[in-house]
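**Student:** Can you read through this structure? Questions will come right after.
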Amino acid sequence: MKSIGQGLPLGSDLESFPFRCELSLAPLVAFWARTLADDRSAKGRLARIISEEVGRAPELLQTIEDIAIIERHRELVDLLMTAVFPPASSEQEYGAALLPFHLRGFYATPSMRRLLMAEDGTFQGKVNVDDHMLGVIRLANAYALVLRRVYGVEIAVDYPFIITVADPETGLERHFRLLIDSQFVDVEPVGPLPPLTEALKQRLHADILDAATLREVLPPERFVLRGVTIFKAVEVTDEAVLSALKRDLIDRESIVSDAKFLGLQAKLRTLFRRPELRFGLAALDGDRVLLLNSGVRHQHACIFADSAHHKTSEFAGSIYEQAVLRGEPLIIEDLSALAQRTPIEDEMIRSGARSMIVAPLRYQDRVIGTIGLGSPHPRDLDATHLPKLHEVLPLFSMAVQRSMEELNARIQTQIKEKFTAIHPVVEWRFRKAVLDSLDRHGDGGGLELEPIVFEKVYPLYALSDIRGSSTQRALAIRHDLLAQLQLAKDVVQAAHRARGLPVLDELLYRIDKHVVQIETGLASGGEVGVISFLRSDVERLFDRLQEFGPGVRARIEAYRAAVDPRLRSVYRQRRVFEESVTRLTETISSYLDLEEQAAQGMFPHYFEKQKTDGVDHQIYIGAALVEDGRFDPLYLKNLRLWQLMVVCGIAARADQLTKNLPVPLQTTHLILVQHAPLSIRFRFDEKRFDVDGAYDIRYEIVKKRIDKAVVKGATERVTQPGKIAIVYAQPGEALEYRGYIEYLQHLGYLSGEVEDLELEEFQGVHGLRALRVTVALRGPQTERPLAASAIPAASAVAR
């Protein structure tokens with residue numbers, strides 16, 4: 001910023017300006033002379049009076065070097081100046097007359113003298129350019145005038161000069177746009193006129209701010225600038241402050257830095273013309289209110305760490321809650337006159353506030369916070385301030401939203417570091433844990449998170465498993481190993497025929513030994529031993545054996561072509577089997593994901609699934625899992641029915657796919673029922689949820705082993721292809737699911753009789769039973785996705 005006007009005498013800055021500049025009122029007199037043609041008008045008659053008066057004061061038409069000449073003819077000068085400063089607006093207008101292109105005025109309006117001009121005619125305040133740029137623009141304007149007046153060349157030099165000055169009454173800054181009018185400045189060439197070719201004109205257009213180029217083309221000593229520069233200042237305080245607020249609020253620390261927050265307050269004081277105005281911000285974060293004001297220390301550049309934290313319940317009935325509920329600014333002319341005050345208003349009065357405006361901050365039609373403007377004087381803020389308030393509300397909304405987004409990003413980082421992926425339904429609880437930790441530890445260094453436990457939630461578990469997958473995988477491994485051993489045997493036999501070395505005969509013996517071991521039964525870890533033998537004892541000989549002749553080389557090439565280059569073993573049957581398993585599990589998983597999206601729309605619940613040789617999914621539902629705590633048992637029954645319907649759909653789709661798989665695979669399906677709620681705890685070390693408490697651990701034990709359960713008194717497994725086994729422990733659980741089964745038999749999802757089976761005790765778990773029912777694999781209801789909207793009505797069967 002450049003301070004201008006430090007008591008400079010008239011013409012004292014001429015040495016720094018290359019043009020010869022002279023003060024003369026002749027151009028103004030000429031203006032009035034041009035109006036004499038219409039002497040019948042009032043303006044014409046005034047021009048004649050001025051002409052006559054000027055005739056008696058010829059020194060005004062000459063170069064004026066002594067300001068006393070102006071003072072001697074003050075009344076006449078006033079008349080001359082009415083051409084630019086009409087008397088009707090002179091009290092409100094900010095204007096002055098200056099020596100051409102210099103910064104000292106010899107004539108000024110009353111408003112100009114009071115605010116922007118010192119006693120000696122110099123200007124006061126700050127201008128928005130530095131010394132160098134001020135000089136460059138001034139010189140460019142002078143040359144632009146010379147080019148226009150002398151050569152008829154128009155070059156626009158427009159720079160938005162803004163002067164900032166403190167109001168002597170309020171101490172607040174005011175901003176003015178400077179308008180420079182040179183129409184009353186004449187340009188007089190000295191000596192022969194410097195030539196100006198078209199090429200030079202183009203050069204000046206390109207380099208109008210280059211002083212060296214200007215001086216070279218048009219030497220300044222070849223021109224005299226004579227007359228008066230008219231200087232006007234138009235107040236742009238509101239525009240300047242709004243622009244500055246926009247720039248400031250772009251800064252990510254604008255509302256979380258002491259200096260910058262106070263800077264925002266200072267600008268708001270200027271905008272609202274209230275030198276004692278105080279402002280505060282509040283951000284809403286769930287049930288928290290984050291307060292930011294000039295009394296809060298900003299040390300961490302974080303809206304959470306640098307704010308005072310309160311519960312939304314503390315603001316019940318307060319003017320802040322009223323403003324949020326109304327959705328528009330609330331004006332309180334005098335807080336002490338409120339009939340019903342809350343502790344919030346009482347605290348504000350104690351802090352010195354009397355008049356207030358509180359307005360909600362919105363982002364995408366959602367209230368994200370509030371802004372409060374306060375004054376220590378009653379009735380100091382009123383409805384006349386609302387238009388300006390509406391101008392700044394979007395700016396502060398964006399700043400608060402950005403700070404909250406940065407806070408959320410920080411929380412997400414903490415969550416990812418400590419919890420990896422978190423289900424969206426329970427993310428609010430992890431977010432709360434991080435915020436509570438920030439509350440305890442300031443800027444978050446060394447976060448220690450509280451235990452995350454959800455109590456009294458209801459579990460729903462289901463498993464769709466591939467029957468006999470372990471046996472089929474072992475058969476595929478056996479087949480591939482025997483094939484690879486046979487290929488190795490072919491190579492060694494060909495080599496032995498070519499050269500009957502005893503060592504090759506011994507190697508054939510060991511190959512046959514491995515074949516026998518595999519055919520009689522592959523032991524655990526036997527696959528690794530066979531592959532190791534082939535690589536170390538057979539394949540390492542290939543480079544030497546291929547020298548035994550083309551027959552051996554052909555067998556080696558056949559061996560290498562059959563071996564998977566990545567696994568370095570034969571992987572034919574295993575590939576076919578694994579591809580079949582993958583296609584089946586992907587089909588089940590995709591269908592389950594599709595239906596789960598619809599189920600979340602019914603009521604939020606925790607869901608996780610796991611793919612192995614099959615797909616199992618675990619669901620938890622309950623009041624503790626939702627942030628507002630609202631829950632009804634209807635949603636639990638609805639989800640149980642949904643799960644049973646989905647398992648029917650899985651069974652049907654798996655059966656349809658089996659016909660198209662390279663390896664036919666059968667699937668079995670099981671649902672584990674538990675009506676009693678349990679508690680789940682997040683295990684920070686394992687980054688997953690697990691049941692909490694000794695009693696609830698029984699549920700996990702059953703879940704892990706139930707697929708191997710057998711019917712009591714028989715060797716038959718409870719899970720069978722084409723059927724769903726619903727395992728339960730309490731008679732009430734069976735009664736509820738019999739209702740679901742009857743309903744789904746009616747819809748065509750299930751068919752046949754319902755078996756009620758007692759299960760054998762296993763590893764300390766006893767007393768389990770199962771309902772087993774056949775899935776209508778060709779039923780029309782199982783061939784399309786569920787209609788989520790129909791399930792809530794259907795759940796009435798469980799009431």
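Ligands are numbered from 1 in the order shown, residues from 1 within each chain, and chains are lettered A, B, ... in the order they appear in the structure tokens.
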Based on DSSP run over this structure's backbone, return all residues of range 200-442 of chain A in strand (DSSP E or B), as a PyMOL selection string.
**Tutor:** chain A and resi 223-227+229-235+278-285+288-293+308-311+330-332+355-363+366-375
**Student:** With a distance cut-off of 9 Å and only C-alpha atoms, select the neighbouring residues of Phe682 in chain A, excluding the residue or stretch itself and same-chain residues fewer than 4 positions from it, and output the selection as a PyMOL selection string.
**Tutor:** chain A and resi 419+451-454+686-692
**Student:** Please indicate the distance in Å from CA of Arg769 in chain A to CA of Tyr606 in chain A, rounded to one decimal place.
**Tutor:**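 Straight-line distance from CA of Arg769 in chain A to CA of Tyr606 in chain A works out to 26.6 Å.
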**Student:** With 10 Å as the cut-off and only C-alpha atoms counted, what is the closest atom pair between each nearby residue of range 670-777 of chain A and range 608-631 of chain A? Distances in Å to one decimal, ordered by chain and number, as CSV.
**Tutor:**
residue,atom,partner,partner_atom,distance
A:Leu670,CA,A:Asp616,CA,9.3
A:Ile671,CA,A:Asp616,CA,9.7
A:Leu672,CA,A:Gln618,CA,9.9
A:Pro677,CA,A:Gly622,CA,8.7
A:Leu678,CA,A:Tyr620,CA,9.5
A:Ser679,CA,A:Ala624,CA,9.7
A:Ile680,CA,A:Tyr620,CA,9.0
A:Lys703,CA,A:Gln618,CA,9.9
**Student:** Looking only at helix (DSSP H, G or I) from DSSP on the backbone, list the matching residues of range 607-659 of chain A as a list in words.
**Tutor:**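 Secondary structure check on range 607-659 of chain A, helix (DSSP H, G or I): Ala623, Ala624, Leu625, Pro633, Leu634, Tyr635, Leu636, Lys637, Asn638, Leu639, Arg640, Leu641, Trp642, Gln643, Leu644, Met645, Val646, Val647, Cys648, Gly649, Ile650, Ala651, Ala652, Arg653, Ala654, Asp655, Gln656, Leu657 and Thr658 of chain A.
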**Student:** Let me see the file: selected residues, N, CA and C atoms, as a JSON list (two decimals), in the first residue's frame.
**Tutor:**
[["chain", "number", "residue", "atom", "x", "y", "z"],
["A", 623, "ALA", "N", -31.15, -50.87, 18.03],
["A", 623, "ALA", "CA", -31.17, -49.43, 18.30],
["A", 623, "ALA", "C", -29.77, -48.87, 18.46],
["A", 624, "ALA", "N", -28.84, -49.64, 19.03],
["A", 624, "ALA", "CA", -27.50, -49.13, 19.30],
["A", 624, "ALA", "C", -26.73, -48.83, 18.03],
["A", 625, "LEU", "N", -27.14, -49.42, 16.91],
["A", 625, "LEU", "CA", -26.39, -49.25, 15.67],
["A", 625, "LEU", "C", -26.75, -47.99, 14.91],
["A", 633, "PRO", "N", -39.13, -53.58, 16.83],
["A", 633, "PRO", "CA", -38.96, -55.01, 16.52],
["A", 633, "PRO", "C", -39.53, -55.41, 15.16],
["A", 634, "LEU", "N", -40.43, -54.60, 14.62],
["A", 634, "LEU", "CA", -40.96, -54.89, 13.30],
["A", 634, "LEU", "C", -39.85, -55.01, 12.27],
["A", 635, "TYR", "N", -38.83, -54.13, 12.37],
["A", 635, "TYR", "CA", -37.74, -54.16, 11.41],
["A", 635, "TYR", "C", -36.90, -55.42, 11.55],
["A", 636, "LEU", "N", -36.78, -55.94, 12.76],
["A", 636, "LEU", "CA", -36.04, -57.19, 12.97],
["A", 636, "LEU", "C", -36.77, -58.35, 12.29],
["A", 637, "LYS", "N", -38.08, -58.43, 12.50],
["A", 637, "LYS", "CA", -38.85, -59.50, 11.87],
["A", 637, "LYS", "C", -38.81, -59.37, 10.35],
["A", 638, "ASN", "N", -38.89, -58.14, 9.89],
["A", 638, "ASN", "CA", -38.83, -57.89, 8.46],
["A", 638, "ASN", "C", -37.51, -58.38, 7.87],
["A", 639, "LEU", "N", -36.42, -58.15, 8.58],
["A", 639, "LEU", "CA", -35.10, -58.54, 8.08],
["A", 639, "LEU", "C", -34.94, -60.06, 8.12],
["A", 640, "ARG", "N", -35.51, -60.72, 9.12],
["A", 640, "ARG", "CA", -35.45, -62.18, 9.16],
["A", 640, "ARG", "C", -36.18, -62.79, 7.98],
["A", 641, "LEU", "N", -37.36, -62.26, 7.67],
["A", 641, "LEU", "CA", -38.09, -62.74, 6.51],
["A", 641, "LEU", "C", -37.32, -62.46, 5.23],
["A", 642, "TRP", "N", -36.76, -61.26, 5.12],
["A", 642, "TRP", "CA", -35.96, -60.92, 3.94],
["A", 642, "TRP", "C", -34.81, -61.90, 3.77],
["A", 643, "GLN", "N", -34.12, -62.21, 4.86],
["A", 643, "GLN", "CA", -32.97, -63.12, 4.77],
["A", 643, "GLN", "C", -33.40, -64.50, 4.26],
["A", 644, "LEU", "N", -34.51, -64.99, 4.75],
["A", 644, "LEU", "CA", -34.98, -66.30, 4.31],
["A", 644, "LEU", "C", -35.34, -66.26, 2.82],
["A", 645, "MET", "N", -35.97, -65.18, 2.39],
["A", 645, "MET", "CA", -36.31, -65.05, 0.97],
["A", 645, "MET", "C", -35.05, -64.98, 0.12],
["A", 646, "VAL", "N", -34.04, -64.27, 0.59],
["A", 646, "VAL", "CA", -32.78, -64.14, -0.16],
["A", 646, "VAL", "C", -32.08, -65.49, -0.27],
["A", 647, "VAL", "N", -32.06, -66.26, 0.80],
["A", 647, "VAL", "CA", -31.42, -67.58, 0.75],
["A", 647, "VAL", "C", -32.15, -68.48, -0.24],
["A", 648, "CYS", "N", -33.46, -68.35, -0.32],
["A", 648, "CYS", "CA", -34.21, -69.09, -1.35],
["A", 648, "CYS", "C", -33.73, -68.69, -2.74],
["A", 649, "GLY", "N", -33.57, -67.38, -2.94],
["A", 649, "GLY", "CA", -33.09, -66.90, -4.23],
["A", 649, "GLY", "C", -31.69, -67.38, -4.54],
["A", 650, "ILE", "N", -30.82, -67.43, -3.52],
["A", 650, "ILE", "CA", -29.45, -67.93, -3.72],
["A", 650, "ILE", "C", -29.50, -69.39, -4.14],
["A", 651, "ALA", "N", -30.31, -70.20, -3.46],
["A", 651, "ALA", "CA", -30.40, -71.62, -3.77],
["A", 651, "ALA", "C", -30.86, -71.84, -5.21],
["A", 652, "ALA", "N", -31.85, -71.09, -5.65],
["A", 652, "ALA", "CA", -32.36, -71.24, -7.01],
["A", 652, "ALA", "C", -31.31, -70.84, -8.04],
["A", 653, "ARG", "N", -30.63, -69.73, -7.81],
["A", 653, "ARG", "CA", -29.63, -69.28, -8.78],
["A", 653, "ARG", "C", -28.43, -70.20, -8.82],
["A", 654, "ALA", "N", -28.02, -70.72, -7.68],
["A", 654, "ALA", "CA", -26.91, -71.66, -7.65],
["A", 654, "ALA", "C", -27.26, -72.93, -8.41],
["A", 655, "ASP", "N", -28.49, -73.40, -8.24],
["A", 655, "ASP", "CA", -28.92, -74.63, -8.94],
["A", 655, "ASP", "C", -28.95, -74.41, -10.45],
["A", 656, "GLN", "N", -29.44, -73.24, -10.88],
["A", 656, "GLN", "CA", -29.48, -72.95, -12.32],
["A", 656, "GLN", "C", -28.09, -72.85, -12.91],
["A", 657, "LEU", "N", -27.15, -72.28, -12.16],
["A", 657, "LEU", "CA", -25.79, -72.11, -12.67],
["A", 657, "LEU", "C", -25.03, -73.42, -12.76],
["A", 658, "THR", "N", -25.33, -74.35, -11.86],
["A", 658, "THR", "CA", -24.58, -75.62, -11.80],
["A", 658, "THR", "C", -24.56, -76.34, -13.13]]
**Student:** I want to know what sits within 10 Å of range 277-279 of chain A, based on only C-alpha atoms, with residues of the same chain fewer than 3 positions away left out; could you give that as a ChimeraX atom specification?
**Tutor:** /A:261-262,264-266,268-270,272-274,292-294,353,355-358,371-377,380-381
**Student:** Write a file of the selected residues as a short mmCIF file (atom, residue, chain, number, x, y, z; two decimals), in the first residue's frame, keeping N, CA, C and O atoms.
**Tutor:**
data_model
loop_
_atom_site.label_atom_id
_atom_site.label_comp_id
_atom_site.auth_asym_id
_atom_site.auth_seq_id
_atom_site.Cartn_x
_atom_site.Cartn_y
_atom_site.Cartn_z
N PHE A 261 -9.21 -14.42 11.98
CA PHE A 261 -10.57 -14.29 12.50
C PHE A 261 -10.85 -12.84 12.91
O PHE A 261 -11.91 -12.29 12.61
N LEU A 262 -9.87 -12.23 13.57
CA LEU A 262 -10.03 -10.82 13.94
C LEU A 262 -10.08 -9.94 12.70
O LEU A 262 -10.76 -8.90 12.68
N LEU A 264 -11.42 -10.81 9.86
CA LEU A 264 -12.80 -10.93 9.37
C LEU A 264 -13.74 -10.04 10.18
O LEU A 264 -14.62 -9.38 9.63
N GLN A 265 -13.54 -10.02 11.49
CA GLN A 265 -14.38 -9.18 12.34
C GLN A 265 -14.21 -7.70 12.00
O GLN A 265 -15.18 -6.94 11.96
N ALA A 266 -12.96 -7.30 11.75
CA ALA A 266 -12.70 -5.90 11.40
C ALA A 266 -13.42 -5.53 10.09
O ALA A 266 -13.98 -4.43 9.96
N LEU A 268 -16.13 -6.96 8.87
CA LEU A 268 -17.56 -6.90 9.13
C LEU A 268 -17.94 -5.60 9.85
O LEU A 268 -19.01 -5.03 9.60
N ARG A 269 -17.08 -5.13 10.72
CA ARG A 269 -17.34 -3.84 11.37
C ARG A 269 -17.39 -2.72 10.35
O ARG A 269 -18.25 -1.83 10.42
N THR A 270 -16.49 -2.78 9.39
CA THR A 270 -16.50 -1.77 8.32
C THR A 270 -17.75 -1.88 7.47
O THR A 270 -18.38 -0.88 7.13
N PHE A 272 -20.70 -3.12 8.19
CA PHE A 272 -21.94 -2.75 8.88
C PHE A 272 -21.84 -1.39 9.58
O PHE A 272 -22.81 -0.97 10.23
N ARG A 273 -20.68 -0.73 9.45
CA ARG A 273 -20.48 0.60 10.05
C ARG A 273 -20.69 0.56 11.56
O ARG A 273 -21.25 1.47 12.17
N ARG A 274 -20.21 -0.50 12.20
CA ARG A 274 -20.36 -0.64 13.64
C ARG A 274 -18.99 -0.97 14.23
O ARG A 274 -18.53 -2.11 14.16
N LEU A 292 -17.01 -20.73 17.35
CA LEU A 292 -15.81 -19.98 17.01
C LEU A 292 -16.10 -18.50 17.20
O LEU A 292 -17.06 -17.97 16.66
N ASN A 293 -15.27 -17.83 17.98
CA ASN A 293 -15.38 -16.38 18.13
C ASN A 293 -14.04 -15.82 18.55
O ASN A 293 -13.07 -16.56 18.75
N SER A 294 -13.99 -14.51 18.70
CA SER A 294 -12.70 -13.87 19.00
C SER A 294 -12.18 -14.23 20.37
O SER A 294 -11.02 -13.97 20.68
N ALA A 353 -23.06 -8.15 25.31
CA ALA A 353 -23.90 -8.03 24.11
C ALA A 353 -25.30 -7.56 24.49
O ALA A 353 -25.86 -7.98 25.51
N SER A 355 -27.55 -5.97 21.52
CA SER A 355 -28.28 -6.12 20.27
C SER A 355 -27.65 -7.24 19.45
O SER A 355 -26.43 -7.37 19.40
N MET A 356 -28.49 -8.10 18.81
CA MET A 356 -27.98 -9.28 18.12
C MET A 356 -28.73 -9.54 16.81
O MET A 356 -29.93 -9.25 16.71
N ILE A 357 -28.01 -10.06 15.86
CA ILE A 357 -28.63 -10.69 14.68
C ILE A 357 -28.02 -12.08 14.57
O ILE A 357 -26.79 -12.24 14.53
N VAL A 358 -28.87 -13.10 14.54
CA VAL A 358 -28.43 -14.49 14.40
C VAL A 358 -29.06 -15.04 13.13
O VAL A 358 -30.27 -14.89 12.91
N ILE A 371 -24.32 -17.82 12.12
CA ILE A 371 -23.45 -16.67 12.29
C ILE A 371 -24.18 -15.69 13.20
O ILE A 371 -25.40 -15.51 13.08
N GLY A 372 -23.46 -15.10 14.13
CA GLY A 372 -24.05 -14.15 15.05
C GLY A 372 -23.30 -12.82 15.01
O GLY A 372 -22.07 -12.80 15.05
N LEU A 373 -24.03 -11.72 14.91
CA LEU A 373 -23.46 -10.37 14.97
C LEU A 373 -24.01 -9.70 16.21
O LEU A 373 -25.23 -9.68 16.43
N GLY A 374 -23.13 -9.16 17.04
CA GLY A 374 -23.56 -8.55 18.28
C GLY A 374 -23.00 -7.16 18.48
O GLY A 374 -21.92 -6.83 17.98
N SER A 375 -23.75 -6.34 19.22
CA SER A 375 -23.33 -4.98 19.56
C SER A 375 -23.61 -4.74 21.04
O SER A 375 -24.62 -5.24 21.57
N PRO A 376 -22.76 -3.97 21.69
CA PRO A 376 -23.01 -3.66 23.12
C PRO A 376 -24.10 -2.62 23.32
O PRO A 376 -24.41 -2.30 24.47
N HIS A 377 -24.67 -2.09 22.23
CA HIS A 377 -25.66 -1.03 22.34
C HIS A 377 -27.04 -1.54 21.92
O HIS A 377 -27.18 -2.13 20.84
N ASP A 380 -28.87 -1.29 18.17
CA ASP A 380 -27.78 -0.88 17.28
C ASP A 380 -27.80 -1.70 15.98
O ASP A 380 -27.25 -1.28 14.98
N LEU A 381 -28.43 -2.87 16.01
CA LEU A 381 -28.55 -3.72 14.83
C LEU A 381 -30.04 -3.92 14.54
O LEU A 381 -30.81 -4.24 15.45
#
**Student:** One number please: CA of Gln486 in chain A to CA of Ile531 in chain A, in Å, one decimal.
**Tutor:**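 Rounded to one decimal, the two atoms are 13.0 Å apart.
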**Student:** Please provide the set of residues having any atom within 12 Å of Gly732 in chain A, restricted to only C-alpha atoms, with same-chain residues fewer than 5 positions apart removed, written as a ChimeraX atom specification.
**Tutor:** /A:673-676,737-739,798
**Student:** How about saving the chosen residues, N, CA, C and O atoms kept, as a short mmCIF file (atom, residue, chain, number, x, y, z; two decimals), in the first residue's frame?
**Tutor:**
data_model
loop_
_atom_site.label_atom_id
_atom_site.label_comp_id
_atom_site.auth_asym_id
_atom_site.auth_seq_id
_atom_site.Cartn_x
_atom_site.Cartn_y
_atom_site.Cartn_z
N VAL A 673 -30.46 -69.05 13.80
CA VAL A 673 -31.42 -68.15 14.45
C VAL A 673 -31.02 -67.96 15.91
O VAL A 673 -30.70 -68.93 16.61
N GLN A 674 -31.03 -66.70 16.36
CA GLN A 674 -30.88 -66.41 17.78
C GLN A 674 -31.73 -65.19 18.12
O GLN A 674 -31.47 -64.09 17.62
N HIS A 675 -32.74 -65.38 18.93
CA HIS A 675 -33.63 -64.28 19.30
C HIS A 675 -33.03 -63.39 20.38
O HIS A 675 -33.36 -62.20 20.45
N ALA A 676 -32.18 -63.94 21.23
CA ALA A 676 -31.61 -63.15 22.33
C ALA A 676 -30.60 -62.16 21.76
O ALA A 676 -29.73 -62.53 20.96
N TYR A 737 -40.32 -68.79 12.69
CA TYR A 737 -39.87 -69.17 11.35
C TYR A 737 -40.86 -70.10 10.66
O TYR A 737 -40.92 -70.13 9.42
N ARG A 738 -41.65 -70.85 11.41
CA ARG A 738 -42.70 -71.65 10.77
C ARG A 738 -43.70 -70.73 10.08
O ARG A 738 -44.24 -71.03 9.01
N GLY A 739 -43.95 -69.57 10.70
CA GLY A 739 -44.83 -68.59 10.06
C GLY A 739 -44.24 -68.08 8.76
O GLY A 739 -44.95 -67.95 7.75
N ALA A 798 -45.37 -62.42 10.65
CA ALA A 798 -44.60 -62.75 11.85
C ALA A 798 -45.17 -62.13 13.11
O ALA A 798 -44.71 -62.39 14.19
#
**Student:** Would you mind listing what lies within 8 Å of Gly767 in chain A as a ChimeraX atom specification, with only C-alpha atoms counted and same-chain residues fewer than 4 positions away left out?
**Tutor:** /A:729,758-759,761
**Student:** Quick one: pull the distance between CA of Leu200 in chain A and CA of Arg149 in chain A, Å, one decimal.
**Tutor:**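 Atom-to-atom, CA of Leu200 in chain A to CA of Arg149 in chain A, that is 16.8 Å.
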**Student:** Residues near Ile477 in chain A, anyone? I mean within 7 Å using only C-alpha atoms, not counting same-chain ones fewer than 4 positions away, as a VMD selection string.
**Tutor:** chain A and resid 473 481 574
**Student:** Extract, using only C-alpha atoms, all DNA, RNA and protein residues at most 10 Å from range 177-190 of chain A, discarding same-chain residues fewer than 5 positions from it, and format them as a VMD selection string.
**Tutor:** chain A and resid 21 to 31 84 94 to 95 97 99 to 101 127 141 to 142 145 to 150 158 to 164 220 to 237 240
**Student:** Please, could you write that set of residues out with C-alpha atoms as a PDB file, in the first residue's frame?
**Tutor:**
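Once written, part.pdb looks like this:
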ATOM      1  CA  CYS A  21       3.157  20.356 -15.994  1.00  0.00           C
ATOM      2  CA  GLU A  22       1.580  23.784 -15.461  1.00  0.00           C
ATOM      3  CA  LEU A  23      -1.513  24.791 -13.547  1.00  0.00           C
ATOM      4  CA  SER A  24      -3.961  26.889 -15.558  1.00  0.00           C
ATOM      5  CA  LEU A  25      -7.690  27.506 -15.493  1.00  0.00           C
ATOM      6  CA  ALA A  26      -7.750  28.389 -19.178  1.00  0.00           C
ATOM      7  CA  PRO A  27      -9.254  25.026 -20.264  1.00  0.00           C
ATOM      8  CA  LEU A  28     -12.101  25.523 -17.767  1.00  0.00           C
ATOM      9  CA  VAL A  29     -12.685  29.032 -19.041  1.00  0.00           C
ATOM     10  CA  ALA A  30     -12.726  27.658 -22.582  1.00  0.00           C
ATOM     11  CA  PHE A  31     -15.416  25.162 -21.543  1.00  0.00           C
ATOM     12  CA  VAL A  84     -17.468  19.713 -12.632  1.00  0.00           C
ATOM     13  CA  TYR A  94     -15.775  13.743  -3.015  1.00  0.00           C
ATOM     14  CA  GLY A  95     -13.798  15.742  -5.558  1.00  0.00           C
ATOM     15  CA  ALA A  97      -8.895  19.926  -8.704  1.00  0.00           C
ATOM     16  CA  LEU A  99      -2.079  20.285 -10.921  1.00  0.00           C
ATOM     17  CA  PRO A 100      -1.994  17.929 -13.945  1.00  0.00           C
ATOM     18  CA  PHE A 101      -0.799  14.426 -12.979  1.00  0.00           C
ATOM     19  CA  VAL A 127      -3.585   3.501  -2.171  1.00  0.00           C
ATOM     20  CA  ASN A 141      -1.869   8.161 -18.464  1.00  0.00           C
ATOM     21  CA  ALA A 142       0.133  11.272 -19.365  1.00  0.00           C
ATOM     22  CA  LEU A 145      -3.316  12.035 -23.153  1.00  0.00           C
ATOM     23  CA  VAL A 146      -0.519  13.245 -25.449  1.00  0.00           C
ATOM     24  CA  LEU A 147      -1.305  10.533 -28.015  1.00  0.00           C
ATOM     25  CA  ARG A 148      -5.021  11.297 -27.949  1.00  0.00           C
ATOM     26  CA  ARG A 149      -4.735  15.112 -28.121  1.00  0.00           C
ATOM     27  CA  VAL A 150      -1.783  15.448 -30.481  1.00  0.00           C
ATOM     28  CA  ASP A 158      -7.476   2.025 -16.834  1.00  0.00           C
ATOM     29  CA  TYR A 159      -6.234   0.939 -13.435  1.00  0.00           C
ATOM     30  CA  PRO A 160      -8.648   0.640 -10.482  1.00  0.00           C
ATOM     31  CA  PHE A 161      -6.977   2.865  -7.913  1.00  0.00           C
ATOM     32  CA  ILE A 162      -8.537   2.380  -4.464  1.00  0.00           C
ATOM     33  CA  ILE A 163      -7.784   4.715  -1.549  1.00  0.00           C
ATOM     34  CA  THR A 164      -8.418   3.496   1.988  1.00  0.00           C
ATOM     35  CA  PRO A 220       8.577  14.196 -22.643  1.00  0.00           C
ATOM     36  CA  GLU A 221      10.463  17.497 -22.930  1.00  0.00           C
ATOM     37  CA  ARG A 222       8.754  18.009 -26.309  1.00  0.00           C
ATOM     38  CA  PHE A 223       5.357  18.522 -24.618  1.00  0.00           C
ATOM     39  CA  VAL A 224       3.811  20.742 -21.945  1.00  0.00           C
ATOM     40  CA  LEU A 225       0.746  19.626 -20.015  1.00  0.00           C
ATOM     41  CA  ARG A 226      -1.209  22.684 -18.993  1.00  0.00           C
ATOM     42  CA  GLY A 227      -4.569  22.891 -17.199  1.00  0.00           C
ATOM     43  CA  VAL A 228      -6.391  21.153 -14.346  1.00  0.00           C
ATOM     44  CA  THR A 229      -6.843  17.481 -13.492  1.00  0.00           C
ATOM     45  CA  ILE A 230     -10.195  16.671 -11.930  1.00  0.00           C
ATOM     46  CA  PHE A 231     -10.024  14.065  -9.218  1.00  0.00           C
ATOM     47  CA  LYS A 232     -13.179  12.347  -7.943  1.00  0.00           C
ATOM     48  CA  ALA A 233     -13.542   9.622  -5.325  1.00  0.00           C
ATOM     49  CA  VAL A 234     -16.542   7.289  -5.324  1.00  0.00           C
ATOM     50  CA  GLU A 235     -17.125   5.291  -2.166  1.00  0.00           C
ATOM     51  CA  VAL A 236     -16.865   1.552  -2.748  1.00  0.00           C
ATOM     52  CA  THR A 237     -16.536   0.431   0.852  1.00  0.00           C
ATOM     53  CA  ALA A 240     -14.228  -3.589  -1.372  1.00  0.00           C
TER      54      ALA A 240
END
